[in-house]
file start29.pdb (PDB, C-alpha atoms)
ATOM      1  CA  MET A   1    -100.724 -49.570 -41.638
ATOM      2  CA  LYS A   2     -97.698 -49.031 -43.574
ATOM      3  CA  LEU A   3     -97.695 -45.335 -42.901
ATOM      4  CA  PRO A   4     -97.839 -45.442 -39.106
ATOM      5  CA  ALA A   5     -95.255 -48.193 -39.033
ATOM      6  CA  LEU A   6     -93.047 -46.108 -41.257
ATOM      7  CA  ALA A   7     -93.551 -43.068 -38.966
ATOM      8  CA  PHE A   8     -92.707 -45.223 -36.006
ATOM      9  CA  VAL A   9     -89.513 -46.499 -37.649
ATOM     10  CA  ALA A  10     -88.578 -42.931 -38.678
ATOM     11  CA  ALA A  11     -89.166 -41.666 -35.156
ATOM     12  CA  ALA A  12     -87.066 -44.472 -33.730
ATOM     13  CA  LEU A  13     -84.295 -43.745 -36.205
ATOM     14  CA  GLY A  14     -84.491 -40.029 -35.398
ATOM     15  CA  LEU A  15     -84.022 -40.771 -31.739
ATOM     16  CA  SER A  16     -81.116 -43.051 -32.394
ATOM     17  CA  VAL A  17     -79.485 -40.433 -34.661
ATOM     18  CA  GLY A  18     -79.936 -37.841 -31.898
ATOM     19  CA  ALA A  19     -78.478 -40.237 -29.382
ATOM     20  CA  VAL A  20     -75.531 -40.881 -31.700
ATOM     21  CA  GLN A  21     -74.999 -37.164 -32.151
ATOM     22  CA  ALA A  22     -75.143 -36.653 -28.414
ATOM     23  CA  GLN A  23     -72.451 -39.252 -27.955
ATOM     24  CA  THR A  24     -70.046 -37.781 -30.518
ATOM     25  CA  PRO A  25     -67.046 -36.202 -28.823
ATOM     26  CA  THR A  26     -67.058 -32.465 -28.581
ATOM     27  CA  ALA A  27     -64.546 -30.182 -26.895
ATOM     28  CA  PRO A  28     -64.515 -31.232 -23.284
ATOM     29  CA  LYS A  29     -65.574 -28.566 -20.899
ATOM     30  CA  LYS A  30     -63.123 -27.686 -18.184
ATOM     31  CA  PRO A  31     -64.510 -28.138 -14.748
ATOM     32  CA  ALA A  32     -64.942 -24.931 -12.872
ATOM     33  CA  ALA A  33     -62.253 -24.320 -10.293
ATOM     34  CA  THR A  34     -64.171 -24.692  -7.135
ATOM     35  CA  HIS A  35     -61.252 -25.321  -4.827
ATOM     36  CA  LYS A  36     -57.916 -23.527  -4.575
ATOM     37  CA  ALA A  37     -54.573 -25.237  -5.030
ATOM     38  CA  PRO A  38     -52.962 -26.162  -1.733
ATOM     39  CA  ALA A  39     -50.864 -23.318  -0.414
ATOM     40  CA  LYS A  40     -47.118 -23.878  -0.556
ATOM     41  CA  LYS A  41     -45.336 -24.029   2.728
ATOM     42  CA  ALA A  42     -43.511 -20.840   3.534
ATOM     43  CA  HIS A  43     -39.790 -21.634   3.632
ATOM     44  CA  ALA A  44     -37.112 -19.224   4.693
ATOM     45  CA  LYS A  45     -35.233 -18.294   1.547
ATOM     46  CA  LYS A  46     -31.692 -19.609   1.762
ATOM     47  CA  THR A  47     -29.017 -17.269   0.483
ATOM     48  CA  VAL A  48     -26.198 -18.892  -1.393
ATOM     49  CA  THR A  49     -22.720 -17.522  -2.144
ATOM     50  CA  LYS A  50     -21.264 -17.381  -5.644
ATOM     51  CA  LYS A  51     -19.625 -20.763  -5.171
ATOM     52  CA  GLY A  52     -22.890 -22.465  -4.181
ATOM     53  CA  VAL A  53     -22.194 -22.600  -0.436
ATOM     54  CA  PRO A  54     -25.036 -21.559   1.848
ATOM     55  CA  ALA A  55     -24.310 -18.147   3.341
ATOM     56  CA  LYS A  56     -24.838 -19.450   6.874
ATOM     57  CA  THR A  57     -22.142 -22.103   6.352
ATOM     58  CA  ALA A  58     -19.741 -19.623   4.745
ATOM     59  CA  LYS A  59     -20.169 -17.219   7.654
ATOM     60  CA  ALA A  60     -19.516 -19.980  10.197
ATOM     61  CA  VAL A  61     -16.339 -21.026   8.397
ATOM     62  CA  GLU A  62     -15.105 -17.431   8.139
ATOM     63  CA  THR A  63     -15.620 -16.774  11.846
ATOM     64  CA  ASN A  64     -13.786 -19.941  12.886
ATOM     65  CA  THR A  65     -10.915 -19.722  10.391
ATOM     66  CA  PRO A  66      -7.986 -17.494  11.298
ATOM     67  CA  VAL A  67      -7.356 -15.025   8.509
ATOM     68  CA  GLU A  68      -3.727 -14.471   7.634
ATOM     69  CA  SER A  69      -3.059 -11.029   6.228
ATOM     70  CA  LEU A  70      -1.069 -10.793   3.031
ATOM     71  CA  SER A  71       1.570  -8.691   4.785
ATOM     72  CA  SER A  72       2.332 -11.513   7.216
ATOM     73  CA  ARG A  73       3.425 -13.637   4.256
ATOM     74  CA  LEU A  74       6.266 -11.236   3.470
ATOM     75  CA  THR A  75       9.684 -11.609   5.086
ATOM     76  CA  ASP A  76      11.342  -8.806   6.999
ATOM     77  CA  GLY A  77      13.685  -8.243   4.054
ATOM     78  CA  GLU A  78      10.756  -7.900   1.651
ATOM     79  CA  LEU A  79       9.015  -5.448   3.989
ATOM     80  CA  ALA A  80      12.253  -3.405   4.096
ATOM     81  CA  ILE A  81      12.331  -3.375   0.282
ATOM     82  CA  ALA A  82       8.705  -2.206   0.240
ATOM     83  CA  LYS A  83       9.741   0.973   2.072
ATOM     84  CA  THR A  84      12.066   1.895  -0.809
ATOM     85  CA  ILE A  85       9.428   1.559  -3.553
ATOM     86  CA  GLN A  86       8.773   4.884  -5.245
ATOM     87  CA  THR A  87       5.061   5.552  -5.643
ATOM     88  CA  GLY A  88       3.030   7.924  -7.761
ATOM     89  CA  THR A  89       2.704   8.432 -11.493
ATOM     90  CA  ILE A  90       6.081   7.900 -13.118
ATOM     91  CA  PRO A  91       6.626   9.096 -16.724
ATOM     92  CA  CYS A  92       8.320   6.686 -19.124
ATOM     93  CA  GLU A  93       9.722   6.838 -22.640
ATOM     94  CA  LEU A  94       7.409   7.060 -25.664
ATOM     95  CA  GLY A  95       4.783   8.977 -23.676
ATOM     96  CA  ALA A  96       3.851   6.038 -21.457
ATOM     97  CA  HIS A  97       3.480   6.283 -17.701
ATOM     98  CA  VAL A  98       3.228   3.843 -14.808
ATOM     99  CA  THR A  99       1.235   4.462 -11.639
ATOM    100  CA  VAL A 100       2.451   2.768  -8.467
ATOM    101  CA  THR A 101       0.125   2.951  -5.448
ATOM    102  CA  ALA A 102       0.627   1.319  -2.052
ATOM    103  CA  ASP A 103      -2.151  -0.951  -0.783
ATOM    104  CA  GLU A 104      -3.350   0.649   2.448
ATOM    105  CA  LYS A 105      -4.877  -2.571   3.788
ATOM    106  CA  ASN A 106      -1.831  -4.754   3.119
ATOM    107  CA  PRO A 107       1.496  -3.020   3.767
ATOM    108  CA  GLY A 108       4.161  -4.252   1.365
ATOM    109  CA  PHE A 109       1.744  -4.765  -1.533
ATOM    110  CA  PHE A 110       1.279  -2.334  -4.414
ATOM    111  CA  TYR A 111      -1.078  -1.656  -7.291
ATOM    112  CA  VAL A 112       0.880  -1.042 -10.496
ATOM    113  CA  SER A 113      -0.893   0.065 -13.667
ATOM    114  CA  SER A 114       0.084   1.166 -17.130
ATOM    115  CA  GLY A 115      -2.649   1.892 -19.653
ATOM    116  CA  LYS A 116      -5.263  -0.864 -19.431
ATOM    117  CA  GLN A 117      -2.959  -3.292 -17.649
ATOM    118  CA  ARG A 118      -3.336  -3.623 -13.876
ATOM    119  CA  TYR A 119      -1.135  -5.632 -11.534
ATOM    120  CA  TYR A 120      -1.050  -6.391  -7.804
ATOM    121  CA  MET A 121       2.614  -6.725  -6.819
ATOM    122  CA  HIS A 122       4.764  -7.519  -3.823
ATOM    123  CA  PRO A 123       8.508  -7.030  -3.315
ATOM    124  CA  VAL A 124      10.924  -9.885  -3.927
ATOM    125  CA  GLU A 125      14.497 -10.052  -2.696
ATOM    126  CA  SER A 126      17.091 -10.073  -5.472
ATOM    127  CA  ARG A 127      20.785 -10.959  -5.436
ATOM    128  CA  THR A 128      21.774  -7.804  -7.296
ATOM    129  CA  GLY A 129      20.205  -5.402  -4.835
ATOM    130  CA  ALA A 130      17.782  -4.007  -7.403
ATOM    131  CA  VAL A 131      14.287  -3.316  -6.142
ATOM    132  CA  ARG A 132      12.041  -5.942  -7.700
ATOM    133  CA  MET A 133       8.286  -6.465  -7.446
ATOM    134  CA  GLU A 134       6.305  -9.293  -8.999
ATOM    135  CA  ASP A 135       2.733 -10.243  -9.789
ATOM    136  CA  ASN A 136       2.970 -14.024 -10.050
ATOM    137  CA  ARG A 137      -0.540 -14.528 -11.453
ATOM    138  CA  ALA A 138      -0.176 -12.047 -14.297
ATOM    139  CA  GLY A 139       3.520 -12.728 -14.819
ATOM    140  CA  ALA A 140       4.490  -9.064 -14.448
ATOM    141  CA  LEU A 141       7.700  -7.600 -13.057
ATOM    142  CA  TRP A 142       8.526  -4.059 -11.864
ATOM    143  CA  LEU A 143      12.264  -3.449 -11.719
ATOM    144  CA  GLN A 144      13.452  -0.289  -9.991
ATOM    145  CA  LEU A 145      17.091   0.731 -10.363
ATOM    146  CA  GLY A 146      18.790   3.835  -9.015
ATOM    147  CA  ASN A 147      18.337   5.881 -12.200
ATOM    148  CA  LYS A 148      15.334   4.263 -13.963
ATOM    149  CA  SER A 149      12.569   1.669 -13.674
ATOM    150  CA  MET A 150      10.820  -0.678 -16.089
ATOM    151  CA  LEU A 151       7.661  -2.735 -16.202
ATOM    152  CA  MET A 152       7.843  -6.101 -17.952
ATOM    153  CA  ASN A 153       5.302  -8.771 -18.813
ATOM    154  CA  GLN A 154       7.170 -12.052 -18.490
ATOM    155  CA  LYS A 155       4.342 -14.140 -19.943
ATOM    156  CA  LEU A 156       4.415 -12.159 -23.188
ATOM    157  CA  GLY A 157       8.185 -11.661 -23.004
ATOM    158  CA  GLN A 158       8.047  -7.919 -23.580
ATOM    159  CA  ARG A 159       8.554  -4.609 -21.831
ATOM    160  CA  VAL A 160       5.346  -2.781 -21.083
ATOM    161  CA  ALA A 161       7.114   0.451 -20.101
ATOM    162  CA  ASP A 162      10.819   1.298 -20.168
ATOM    163  CA  ALA A 163      13.004   4.166 -18.933
ATOM    164  CA  CYS A 164      10.489   5.250 -16.299
ATOM    165  CA  VAL A 165      12.111   7.970 -14.203
ATOM    166  CA  SER A 166      10.757   9.402 -10.950
ATOM    167  CA  PRO A 167      12.068  12.711  -9.522
ATOM    168  CA  ALA A 168      14.343  10.809  -7.091
ATOM    169  CA  GLN A 169      15.721   8.741  -9.977
ATOM    170  CA  GLN A 170      16.334  11.909 -12.022
ATOM    171  CA  ALA A 171      18.560  13.177  -9.204
ATOM    172  CA  VAL A 172      20.526   9.909  -9.206
ATOM    173  CA  ALA A 173      20.863  10.024 -13.022
ATOM    174  CA  ALA A 174      22.140  13.632 -12.868
ATOM    175  CA  GLN A 175      24.684  12.653 -10.212
ATOM    176  CA  LEU A 176      25.878   9.695 -12.319
ATOM    177  CA  GLU A 177      26.409  12.025 -15.295
ATOM    178  CA  SER A 178      28.449  14.517 -13.288
ATOM    179  CA  HIS A 179      30.358  11.894 -11.251
ATOM    180  CA  PRO A 180      30.467   8.633 -13.249
ATOM    181  CA  GLN A 181      31.202   5.406 -11.449
ATOM    182  CA  PRO A 182      34.580   3.804 -12.185
ATOM    183  CA  ALA A 183      34.458   1.038 -14.792
ATOM    184  CA  LEU A 184      34.752  -2.519 -13.598
ATOM    185  CA  PHE A 185      38.000  -3.249 -15.422
ATOM    186  CA  ASP A 186      39.740   0.056 -14.634
ATOM    187  CA  ALA A 187      42.731  -0.222 -12.353
TER     188      ALA A 187
END
call {"tool": "encode", "arguments": {"input": "start29.pdb", "output": "structure tokens"}}
result
Amino acid sequence: MKLPALAFVAAALGLSVGAVQAQTPTAPKKPAATHKAPAKKAHAKKTVTKKGVPAKTAKAVETNTPVESLSSRLTDGELAIAKTIQTGTIPCELGAHVTVTADEKNPGFFYVSSGKQRYYMHPVESRTGAVRMEDNRAGALWLQLGNKSMLMNQKLGQRVADACVSPAQQAVAAQLESHPQPALFDA
């Protein structure tokens, strides 16, 4: 009787070991995807400007805001000075050159460039009568006299280009050499 009892105990233990093994954690199986994820609602894609304002809002503001042209900010005297600005590529000393181009969209404003430096200038009235243009943001100044012009960077405190002479200024310089102006202290 010992043998069948022992077989019975062994069989019972074998079942319990199998049950224990069945209960040990194994890698959980992922349930099969039987249903699809809910579809996202289709929204109209909102366009946004660089400053984070919705394009629709920006357009509404632009249409309702009167736009003042840059030229309307200039006085009549400054617009008269703008007519005397000499444009084109003007050679300067030391092989430099300055290019002055009128802005077609904004009369009275000019693009001035020398090498890699670019400026957007407007005329400014001066007490001396010299033709003067400034770019307030960059701190640049274009000074045009009768016989020469110069481009200065006021922020750096240096001349970018000096002794720039256009064909019209060459004529004035030649006239000054042949018929010099009287000195201030001469009687």
call {"tool": "resolve_selection", "arguments": {"input": "start29.pdb", "expression": "the PyMOL selection byres ((chain A and resi 99) around 12)", "output": "ChimeraX atom specification"}}
result
/A:85-92,96-98,100-102,110-120,142,149-151,161,164-166
call {"tool": "resolve_selection", "arguments": {"input": "start29.pdb", "expression": "the PyMOL selection byres ((chain A and resi 83) around 12)", "output": "PDB file with C-alpha atoms, in the coordinates of the input"}}
result
ATOM      1  CA  ASP A  76      11.342  -8.806   6.999  1.00  0.00           C
ATOM      2  CA  GLY A  77      13.685  -8.243   4.054  1.00  0.00           C
ATOM      3  CA  GLU A  78      10.756  -7.900   1.651  1.00  0.00           C
ATOM      4  CA  LEU A  79       9.015  -5.448   3.989  1.00  0.00           C
ATOM      5  CA  ALA A  80      12.253  -3.405   4.096  1.00  0.00           C
ATOM      6  CA  ILE A  81      12.331  -3.375   0.282  1.00  0.00           C
ATOM      7  CA  ALA A  82       8.705  -2.206   0.240  1.00  0.00           C
ATOM      8  CA  THR A  84      12.066   1.895  -0.809  1.00  0.00           C
ATOM      9  CA  ILE A  85       9.428   1.559  -3.553  1.00  0.00           C
ATOM     10  CA  GLN A  86       8.773   4.884  -5.245  1.00  0.00           C
ATOM     11  CA  THR A  87       5.061   5.552  -5.643  1.00  0.00           C
ATOM     12  CA  ALA A 102       0.627   1.319  -2.052  1.00  0.00           C
ATOM     13  CA  PRO A 107       1.496  -3.020   3.767  1.00  0.00           C
ATOM     14  CA  GLY A 108       4.161  -4.252   1.365  1.00  0.00           C
ATOM     15  CA  PHE A 109       1.744  -4.765  -1.533  1.00  0.00           C
ATOM     16  CA  PHE A 110       1.279  -2.334  -4.414  1.00  0.00           C
ATOM     17  CA  HIS A 122       4.764  -7.519  -3.823  1.00  0.00           C
ATOM     18  CA  PRO A 123       8.508  -7.030  -3.315  1.00  0.00           C
ATOM     19  CA  VAL A 131      14.287  -3.316  -6.142  1.00  0.00           C
TER      20      VAL A 131
END
call {"tool": "axis_aligned_box", "arguments": {"input": "start29.pdb", "around": "stretch 150-155 of chain A", "padding_each_side": "8 Å", "output": "JSON"}}
result
{"center_x": 7.6, "center_y": -7.4, "center_z": -18.0, "size_x": 22.5, "size_y": 29.5, "size_z": 19.9}
call {"tool": "atom_distance", "arguments": {"input": "start29.pdb", "atom1": "atom CA of A:Glu104", "atom2": "atom CA of A:Met121"}}
result
13.3 Å
call {"tool": "residues_around", "arguments": {"input": "start29.pdb", "residues": "A:Ala173", "least_positions_apart": "6", "cutoff": "10 Å", "atoms": "all atoms listed in the file", "output": "list in words"}}
result
Gly146, Asn147, Lys148, Val165, Pro167, His179 and Pro180 of chain A
call {"tool": "atom_distance", "arguments": {"input": "start29.pdb", "atom1": "atom CA of A:Gln170", "atom2": "atom CA of A:Glu93"}}
result
13.5 Å
call {"tool": "atom_distance", "arguments": {"input": "start29.pdb", "atom1": "atom CA of A:Thr128", "atom2": "atom CA of A:Asn106"}}
result
26.0 Å
call {"tool": "closest_residue", "arguments": {"input": "start29.pdb", "among": "A:Leu74, A:Asp186, A:Gly157, A:Met152", "to": "A:Ala140", "atoms": "only C-alpha atoms"}}
result
A:Met152
